[in-house]
file run_37.txt (compact mmCIF, C-alpha atoms)
# COMPACT_ATOMS: atom_id res chain seq x y z
CA MET A 1 0.00 0.00 0.00
CA HIS A 2 1.28 3.42 -0.93
CA PHE A 3 2.19 5.48 2.12
CA ASP A 4 0.55 8.88 2.35
CA PRO A 5 1.85 11.13 5.17
CA GLN A 6 -1.62 12.70 5.33
CA SER A 7 -3.01 9.33 6.42
CA LEU A 8 -1.27 9.56 9.80
CA ARG A 9 -3.25 10.69 12.82
CA TYR A 10 -2.02 14.09 13.92
CA ASP A 11 -3.01 15.86 17.13
CA ASP A 12 -5.09 19.03 17.25
CA LYS A 13 -1.96 21.03 16.37
CA GLY A 14 -1.31 18.88 13.30
CA LEU A 15 1.66 17.14 14.93
CA ILE A 16 2.76 13.55 15.56
CA PRO A 17 5.49 12.46 17.98
CA ALA A 18 8.58 10.85 16.45
CA ILE A 19 11.03 8.71 18.40
CA ALA A 20 14.60 8.64 17.10
CA GLN A 21 16.34 5.36 17.86
CA ASP A 22 19.92 4.42 17.02
CA HIS A 23 19.51 1.81 14.29
CA ALA A 24 22.51 -0.21 15.44
CA SER A 25 22.45 -0.08 19.24
CA GLY A 26 18.71 0.33 19.77
CA GLU A 27 19.31 3.26 22.09
CA VAL A 28 16.41 5.72 22.20
CA LEU A 29 17.98 9.07 21.45
CA MET A 30 15.21 11.67 21.54
CA VAL A 31 11.59 12.46 20.84
CA ALA A 32 10.45 15.41 18.76
CA TRP A 33 7.45 16.29 16.64
CA MET A 34 6.59 16.30 12.95
CA ASN A 35 3.81 17.63 10.81
CA ALA A 36 2.86 15.99 7.51
CA GLU A 37 5.31 18.12 5.54
CA ALA A 38 8.15 17.21 7.93
CA VAL A 39 7.36 13.52 7.38
CA THR A 40 7.44 14.07 3.63
CA ARG A 41 10.72 15.97 3.76
CA THR A 42 12.31 13.33 6.00
CA LEU A 43 11.37 10.55 3.58
CA GLU A 44 12.40 12.52 0.49
CA THR A 45 15.75 13.75 1.77
CA GLY A 46 16.73 11.00 4.22
CA ARG A 47 17.66 13.77 6.64
CA VAL A 48 15.40 13.70 9.67
CA THR A 49 13.37 16.90 9.77
CA TYR A 50 11.14 17.84 12.69
CA TRP A 51 8.74 20.68 13.36
CA SER A 52 10.06 22.82 16.18
CA ARG A 53 7.16 23.72 18.47
CA SER A 54 9.18 26.43 20.21
CA ARG A 55 10.42 28.08 17.01
CA GLN A 56 7.37 27.15 14.90
CA ALA A 57 9.66 26.24 12.03
CA TYR A 58 11.09 23.20 10.26
CA TRP A 59 14.09 21.82 12.05
CA VAL A 60 16.53 19.80 9.97
CA LYS A 61 18.24 17.98 12.80
CA GLY A 62 21.95 18.83 12.87
CA LYS A 63 21.74 21.66 10.33
CA SER A 64 23.45 24.07 12.70
CA SER A 65 25.15 21.62 15.09
CA GLY A 66 26.33 19.07 12.54
CA HIS A 67 24.69 16.36 14.64
CA VAL A 68 22.59 15.08 11.77
CA GLN A 69 20.24 12.13 11.78
CA GLN A 70 20.28 10.02 8.65
CA LEU A 71 17.07 8.06 8.26
CA VAL A 72 17.51 4.31 8.05
CA GLU A 73 13.85 3.36 8.35
CA LEU A 74 10.58 5.00 9.32
CA ARG A 75 7.93 2.98 11.09
CA LEU A 76 4.44 3.82 12.29
CA ASP A 77 2.48 2.29 15.11
CA CYS A 78 -0.84 0.43 15.01
CA ASP A 79 -2.80 3.60 15.80
CA ARG A 80 -0.91 5.62 13.16
CA ASP A 81 -0.36 8.33 15.78
CA CYS A 82 3.33 7.80 16.56
CA LEU A 83 6.48 7.36 14.47
CA LEU A 84 9.63 5.40 15.18
CA LEU A 85 12.70 6.48 13.24
CA ALA A 86 15.69 4.18 12.99
CA VAL A 87 18.54 6.63 12.46
CA GLU A 88 22.26 6.90 12.06
CA GLN A 89 23.14 9.62 14.53
CA THR A 90 26.25 11.73 14.03
CA GLY A 91 27.56 12.96 17.39
CA PRO A 92 25.26 13.53 20.36
CA ALA A 93 21.53 13.74 19.77
CA CYS A 94 20.85 15.95 22.79
CA HIS A 95 21.47 19.69 22.89
CA THR A 96 23.21 19.09 26.26
CA ASN A 97 25.91 17.24 24.30
CA ARG A 98 24.85 13.84 25.57
CA ARG A 99 24.28 10.90 23.28
CA SER A 100 20.61 10.67 24.29
CA CYS A 101 18.12 13.11 25.79
CA PHE A 102 17.08 10.39 28.28
CA PHE A 103 20.00 10.80 30.63
CA THR A 104 18.00 11.12 33.85
CA ALA A 105 16.76 8.01 35.63
CA VAL A 106 14.45 7.80 38.62
CA ARG A 107 15.91 5.43 41.19
CA ASP A 108 14.60 5.01 44.73
CA GLY A 109 12.57 8.18 44.32
CA ASN A 110 15.52 10.29 43.25
CA GLU A 111 16.67 11.71 39.92
CA ILE A 112 20.03 10.27 38.93
CA GLU A 113 22.10 11.37 35.95
CA VAL A 114 23.17 8.24 34.13
CA MET A 115 24.99 9.72 31.14
CA ALA A 116 27.72 12.35 30.99
CA PRO A 117 28.11 15.00 28.27
CA LYS A 118 30.68 14.14 25.62
CA GLY A 119 34.22 15.52 25.87
CA MET B 120 17.33 15.23 43.89
CA HIS B 121 13.94 13.90 44.94
CA PHE B 122 11.73 13.12 41.95
CA ASP B 123 8.31 14.74 41.94
CA PRO B 124 5.93 13.56 39.19
CA GLN B 125 4.34 17.02 39.27
CA SER B 126 7.64 18.49 38.08
CA LEU B 127 7.26 16.91 34.65
CA ARG B 128 5.97 19.01 31.79
CA TYR B 129 2.52 17.82 30.80
CA ASP B 130 0.59 18.95 27.74
CA ASP B 131 -2.60 21.01 27.86
CA LYS B 132 -4.53 17.83 28.69
CA GLY B 133 -2.23 17.04 31.62
CA LEU B 134 -0.54 14.18 29.75
CA ILE B 135 3.01 13.15 28.90
CA PRO B 136 4.00 10.54 26.29
CA ALA B 137 5.71 7.41 27.60
CA ILE B 138 7.76 5.06 25.43
CA ALA B 139 7.92 1.44 26.54
CA GLN B 140 11.17 -0.24 25.55
CA ASP B 141 12.17 -3.86 26.16
CA HIS B 142 14.89 -3.54 28.78
CA ALA B 143 16.90 -6.45 27.40
CA SER B 144 16.56 -6.23 23.61
CA GLY B 145 16.12 -2.46 23.27
CA GLU B 146 13.07 -2.97 21.07
CA VAL B 147 10.59 -0.10 21.22
CA LEU B 148 7.27 -1.74 22.06
CA MET B 149 4.65 1.01 22.22
CA VAL B 150 3.89 4.59 23.15
CA ALA B 151 1.05 5.61 25.42
CA TRP B 152 0.25 8.49 27.75
CA MET B 153 0.43 9.17 31.45
CA ASN B 154 -0.81 11.83 33.80
CA ALA B 155 0.98 12.62 37.07
CA GLU B 156 -1.04 10.07 39.00
CA ALA B 157 -0.24 7.35 36.46
CA VAL B 158 3.47 8.14 36.84
CA THR B 159 3.11 7.88 40.62
CA ARG B 160 1.22 4.58 40.42
CA THR B 161 3.77 3.14 37.98
CA LEU B 162 6.66 3.97 40.29
CA GLU B 163 4.87 2.79 43.42
CA THR B 164 3.59 -0.51 42.04
CA GLY B 165 6.22 -1.34 39.41
CA ARG B 166 3.31 -2.18 37.09
CA VAL B 167 3.23 0.22 34.16
CA THR B 168 0.01 2.24 34.34
CA TYR B 169 -1.08 4.58 31.59
CA TRP B 170 -3.95 6.99 31.16
CA SER B 171 -6.23 5.78 28.40
CA ARG B 172 -7.26 8.78 26.30
CA SER B 173 -10.06 6.84 24.59
CA ARG B 174 -11.53 5.44 27.79
CA GLN B 175 -10.52 8.39 30.02
CA ALA B 176 -9.44 5.96 32.72
CA TYR B 177 -6.31 4.48 34.26
CA TRP B 178 -4.99 1.60 32.28
CA VAL B 179 -2.88 -0.95 34.13
CA LYS B 180 -1.19 -2.52 31.15
CA GLY B 181 -2.01 -6.20 30.93
CA LYS B 182 -4.70 -6.14 33.63
CA SER B 183 -7.23 -7.77 31.31
CA SER B 184 -4.89 -9.34 28.71
CA GLY B 185 -2.21 -10.59 31.07
CA HIS B 186 0.38 -8.84 28.91
CA VAL B 187 1.81 -6.87 31.80
CA GLN B 188 4.73 -4.50 31.75
CA GLN B 189 6.99 -4.66 34.78
CA LEU B 190 8.94 -1.45 35.21
CA VAL B 191 12.70 -1.88 35.20
CA GLU B 192 13.62 1.79 35.04
CA LEU B 193 11.91 5.09 34.32
CA ARG B 194 13.84 7.84 32.59
CA LEU B 195 12.89 11.37 31.60
CA ASP B 196 14.27 13.50 28.83
CA CYS B 197 16.12 16.81 29.00
CA ASP B 198 12.91 18.80 28.47
CA ARG B 199 11.05 16.75 31.09
CA ASP B 200 8.22 16.30 28.58
CA CYS B 201 8.71 12.67 27.59
CA LEU B 202 9.28 9.44 29.51
CA LEU B 203 11.22 6.33 28.54
CA LEU B 204 10.26 3.16 30.37
CA ALA B 205 12.58 0.17 30.36
CA VAL B 206 10.19 -2.72 30.88
CA GLU B 207 9.96 -6.46 31.11
CA GLN B 208 7.12 -7.26 28.75
CA THR B 209 5.04 -10.38 29.21
CA GLY B 210 3.65 -11.54 25.86
CA PRO B 211 2.94 -9.12 23.02
CA ALA B 212 2.74 -5.40 23.81
CA CYS B 213 0.38 -4.60 20.93
CA HIS B 214 -3.36 -5.24 20.98
CA THR B 215 -2.92 -6.81 17.52
CA ASN B 216 -0.95 -9.59 19.25
CA ARG B 217 2.35 -8.44 17.86
CA ARG B 218 5.40 -7.96 20.02
CA SER B 219 5.57 -4.24 19.18
CA CYS B 220 3.04 -1.69 17.92
CA PHE B 221 5.61 -0.50 15.38
CA PHE B 222 5.11 -3.31 12.89
CA THR B 223 4.61 -1.16 9.80
CA ALA B 224 7.63 0.19 7.93
CA VAL B 225 7.68 2.65 5.05
CA ARG B 226 9.94 1.33 2.29
CA ASP B 227 10.18 2.82 -1.19
CA GLY B 228 7.01 4.79 -0.52
CA ASN B 229 4.97 1.78 0.51
CA GLU B 230 3.72 0.45 3.81
CA ILE B 231 5.23 -2.94 4.59
CA GLU B 232 4.29 -5.16 7.51
CA VAL B 233 7.52 -6.29 9.12
CA MET B 234 6.22 -8.27 12.08
CA ALA B 235 3.59 -11.03 12.26
CA PRO B 236 1.09 -11.58 15.06
CA LYS B 237 2.11 -14.25 17.55
CA GLY B 238 0.76 -17.81 17.39
call {"tool": "encode", "arguments": {"input": "run_37.txt", "output": "structure tokens"}}
result
Amino acid sequence: MHFDPQSLRYDDKGLIPAIAQDHASGEVLMVAWMNAEAVTRTLETGRVTYWSRSRQAYWVKGKSSGHVQQLVELRLDCDRDCLLLAVEQTGPACHTNRRSCFFTAVRDGNEIEVMAPKG
Amino acid sequence: MHFDPQSLRYDDKGLIPAIAQDHASGEVLMVAWMNAEAVTRTLETGRVTYWSRSRQAYWVKGKSSGHVQQLVELRLDCDRDCLLLAVEQTGPACHTNRRSCFFTAVRDGNEIEVMAPKG
């Protein structure tokens, strides 16, 4: 079946959450949002492109930082309201210079940092 | 630092997306939503508990199906607006009886099913 980005289920702001996962290690790197045009651009260019809610603009991941995400495969879930992107991540995915944005764990009721920023 | 579920950043419906990931294989199983009370219940009981948007009720994963998710570790992202749950998944996570909800890939512009239902 032909894939039509418009066939996804977007929220009331026209957005769908997208999980970026390292295609080799399986590490979950980050979650950001896409609109239908961002999905189209990501598939067409192979460069993961989000919609920045704070800047209200397209966000080609790594365009300014160099920390690009090359799309390996895009998947959708059974409800068609969430995307999973297998990516090849150059450098850290997080703006804090950590490999993943999920560097804080809750252990015994406390927040513990489990990942240090890179060099 | 003590973790307070109220300190997370919820959307305008009081919800935060939560990714369930197999703690051993790294496979992303599903995404659902939590409110602050669901986060609290999940941490207190170790049984992953979501907020069902369709039913507007707490949803103890696996309570009716037996396909429970035991929490191994809860992480939050740098923006505090997304959760990553390392879980031990009993049986399939998806209501379609597949291991993961992300069983549809987009390849060459087409939707391809990459995972079959169990037994």
call {"tool": "atom_distance", "arguments": {"input": "run_37.txt", "atom1": "CA of Asp131 in chain B", "atom2": "CA of Asp81 in chain A"}}
result
17.7 Å
call {"tool": "closest_atom_pairs", "arguments": {"input": "run_37.txt", "of": "range 4-116 of chain A", "to": "range 160-167 of chain B", "cutoff": "12 Å", "atoms": "all atoms listed in the file", "output": "Markdown table"}}
result
| residue | atom | partner | partner_atom | distance |
| --- | --- | --- | --- | --- |
| A:Ala105 | CA | B:Leu162 | CA | 11.8 |
| A:Val106 | CA | B:Leu162 | CA | 8.8 |
| A:Arg107 | CA | B:Leu162 | CA | 9.4 |
| A:Asp108 | CA | B:Leu162 | CA | 9.2 |
| A:Gly109 | CA | B:Leu162 | CA | 8.3 |
| A:Asn110 | CA | B:Leu162 | CA | 11.3 |
call {"tool": "write_last_selection", "arguments": {"input": "run_37.txt", "atoms": "C-alpha atoms", "output": "PDB file, in the coordinates of the input"}}
result
ATOM      1  CA  ALA A 105      16.760   8.010  35.630  1.00  0.00           C
ATOM      2  CA  VAL A 106      14.450   7.800  38.620  1.00  0.00           C
ATOM      3  CA  ARG A 107      15.910   5.430  41.190  1.00  0.00           C
ATOM      4  CA  ASP A 108      14.600   5.010  44.730  1.00  0.00           C
ATOM      5  CA  GLY A 109      12.570   8.180  44.320  1.00  0.00           C
ATOM      6  CA  ASN A 110      15.520  10.290  43.250  1.00  0.00           C
TER       7      ASN A 110
END
call {"tool": "atom_distance", "arguments": {"input": "run_37.txt", "atom1": "CA of Tyr129 in chain B", "atom2": "CA of Asp198 in chain B"}}
result
10.7 Å
call {"tool": "interface_residues", "arguments": {"input": "run_37.txt", "of": "chain B", "to": "chain A", "cutoff": "9 Å", "atoms": "all atoms listed in the file", "output": "MDAnalysis selection string"}}
result
chainID B and resid 120:123 136 138 140 144:147 149:150 162 192:198 201:203 213:215 219:231
call {"tool": "write_last_selection", "arguments": {"input": "run_37.txt", "atoms": "C-alpha atoms", "output": "compact mmCIF listing (two decimals), keeping the file's coordinate frame"}}
result
# COMPACT_ATOMS: atom_id res chain seq x y z
CA MET B 120 17.33 15.23 43.89
CA HIS B 121 13.94 13.90 44.94
CA PHE B 122 11.73 13.12 41.95
CA ASP B 123 8.31 14.74 41.94
CA PRO B 136 4.00 10.54 26.29
CA ILE B 138 7.76 5.06 25.43
CA GLN B 140 11.17 -0.24 25.55
CA SER B 144 16.56 -6.23 23.61
CA GLY B 145 16.12 -2.46 23.27
CA GLU B 146 13.07 -2.97 21.07
CA VAL B 147 10.59 -0.10 21.22
CA MET B 149 4.65 1.01 22.22
CA VAL B 150 3.89 4.59 23.15
CA LEU B 162 6.66 3.97 40.29
CA GLU B 192 13.62 1.79 35.04
CA LEU B 193 11.91 5.09 34.32
CA ARG B 194 13.84 7.84 32.59
CA LEU B 195 12.89 11.37 31.60
CA ASP B 196 14.27 13.50 28.83
CA CYS B 197 16.12 16.81 29.00
CA ASP B 198 12.91 18.80 28.47
CA CYS B 201 8.71 12.67 27.59
CA LEU B 202 9.28 9.44 29.51
CA LEU B 203 11.22 6.33 28.54
CA CYS B 213 0.38 -4.60 20.93
CA HIS B 214 -3.36 -5.24 20.98
CA THR B 215 -2.92 -6.81 17.52
CA SER B 219 5.57 -4.24 19.18
CA CYS B 220 3.04 -1.69 17.92
CA PHE B 221 5.61 -0.50 15.38
CA PHE B 222 5.11 -3.31 12.89
CA THR B 223 4.61 -1.16 9.80
CA ALA B 224 7.63 0.19 7.93
CA VAL B 225 7.68 2.65 5.05
CA ARG B 226 9.94 1.33 2.29
CA ASP B 227 10.18 2.82 -1.19
CA GLY B 228 7.01 4.79 -0.52
CA ASN B 229 4.97 1.78 0.51
CA GLU B 230 3.72 0.45 3.81
CA ILE B 231 5.23 -2.94 4.59
call {"tool": "atom_distance", "arguments": {"input": "run_37.txt", "atom1": "CA of Ala116 in chain A", "atom2": "CA of Gly91 in chain A"}}
result
13.6 Å
call {"tool": "closest_residue", "arguments": {"input": "run_37.txt", "among": "B:Gly238, B:Thr159, B:Lys182, B:Asp141", "to": "Ser126 in chain B", "atoms": "only C-alpha atoms"}}
result
B:Thr159
call {"tool": "closest_residue", "arguments": {"input": "run_37.txt", "among": "B:Arg174, B:Lys132, B:Arg218, B:His142", "to": "Asn154 in chain B", "atoms": "only C-alpha atoms"}}
result
B:Lys132
call {"tool": "closest_residue", "arguments": {"input": "run_37.txt", "among": "B:Met234, B:Ala139, B:Val187, B:Leu134", "to": "Ala155 in chain B", "atoms": "all atoms listed in the file"}}
result
B:Leu134
call {"tool": "residues_around", "arguments": {"input": "run_37.txt", "residues": "range 169-173 of chain B", "least_positions_apart": "6", "cutoff": "6 Å", "atoms": "all atoms listed in the file", "output": "ChimeraX atom specification"}}
result
/B:152-153,157
call {"tool": "residues_around", "arguments": {"input": "run_37.txt", "residues": "Ala24 in chain A", "least_positions_apart": "5", "cutoff": "9 Å", "atoms": "all atoms listed in the file", "output": "JSON, numbers by chain"}}
result
{"A": [86, 87, 88]}
call {"tool": "residues_around", "arguments": {"input": "run_37.txt", "residues": "Gly181 in chain B", "least_positions_apart": "2", "cutoff": "10 Å", "atoms": "only C-alpha atoms", "output": "PyMOL selection string"}}
result
chain B and resi 166-168+178-179+183-189+208-212
call {"tool": "write_last_selection", "arguments": {"input": "run_37.txt", "atoms": "C-alpha atoms", "output": "compact mmCIF listing (two decimals), keeping the file's coordinate frame"}}
result
# COMPACT_ATOMS: atom_id res chain seq x y z
CA ARG B 166 3.31 -2.18 37.09
CA VAL B 167 3.23 0.22 34.16
CA THR B 168 0.01 2.24 34.34
CA TRP B 178 -4.99 1.60 32.28
CA VAL B 179 -2.88 -0.95 34.13
CA SER B 183 -7.23 -7.77 31.31
CA SER B 184 -4.89 -9.34 28.71
CA GLY B 185 -2.21 -10.59 31.07
CA HIS B 186 0.38 -8.84 28.91
CA VAL B 187 1.81 -6.87 31.80
CA GLN B 188 4.73 -4.50 31.75
CA GLN B 189 6.99 -4.66 34.78
CA GLN B 208 7.12 -7.26 28.75
CA THR B 209 5.04 -10.38 29.21
CA GLY B 210 3.65 -11.54 25.86
CA PRO B 211 2.94 -9.12 23.02
CA ALA B 212 2.74 -5.40 23.81
call {"tool": "axis_aligned_box", "arguments": {"input": "run_37.txt", "around": "range 26-29 of chain A", "padding_each_side": "6 Å", "output": "AutoDock Vina command-line options"}}
result
--center_x 17.9 --center_y 4.7 --center_z 21.0 --size_x 14.9 --size_y 20.7 --size_z 14.4
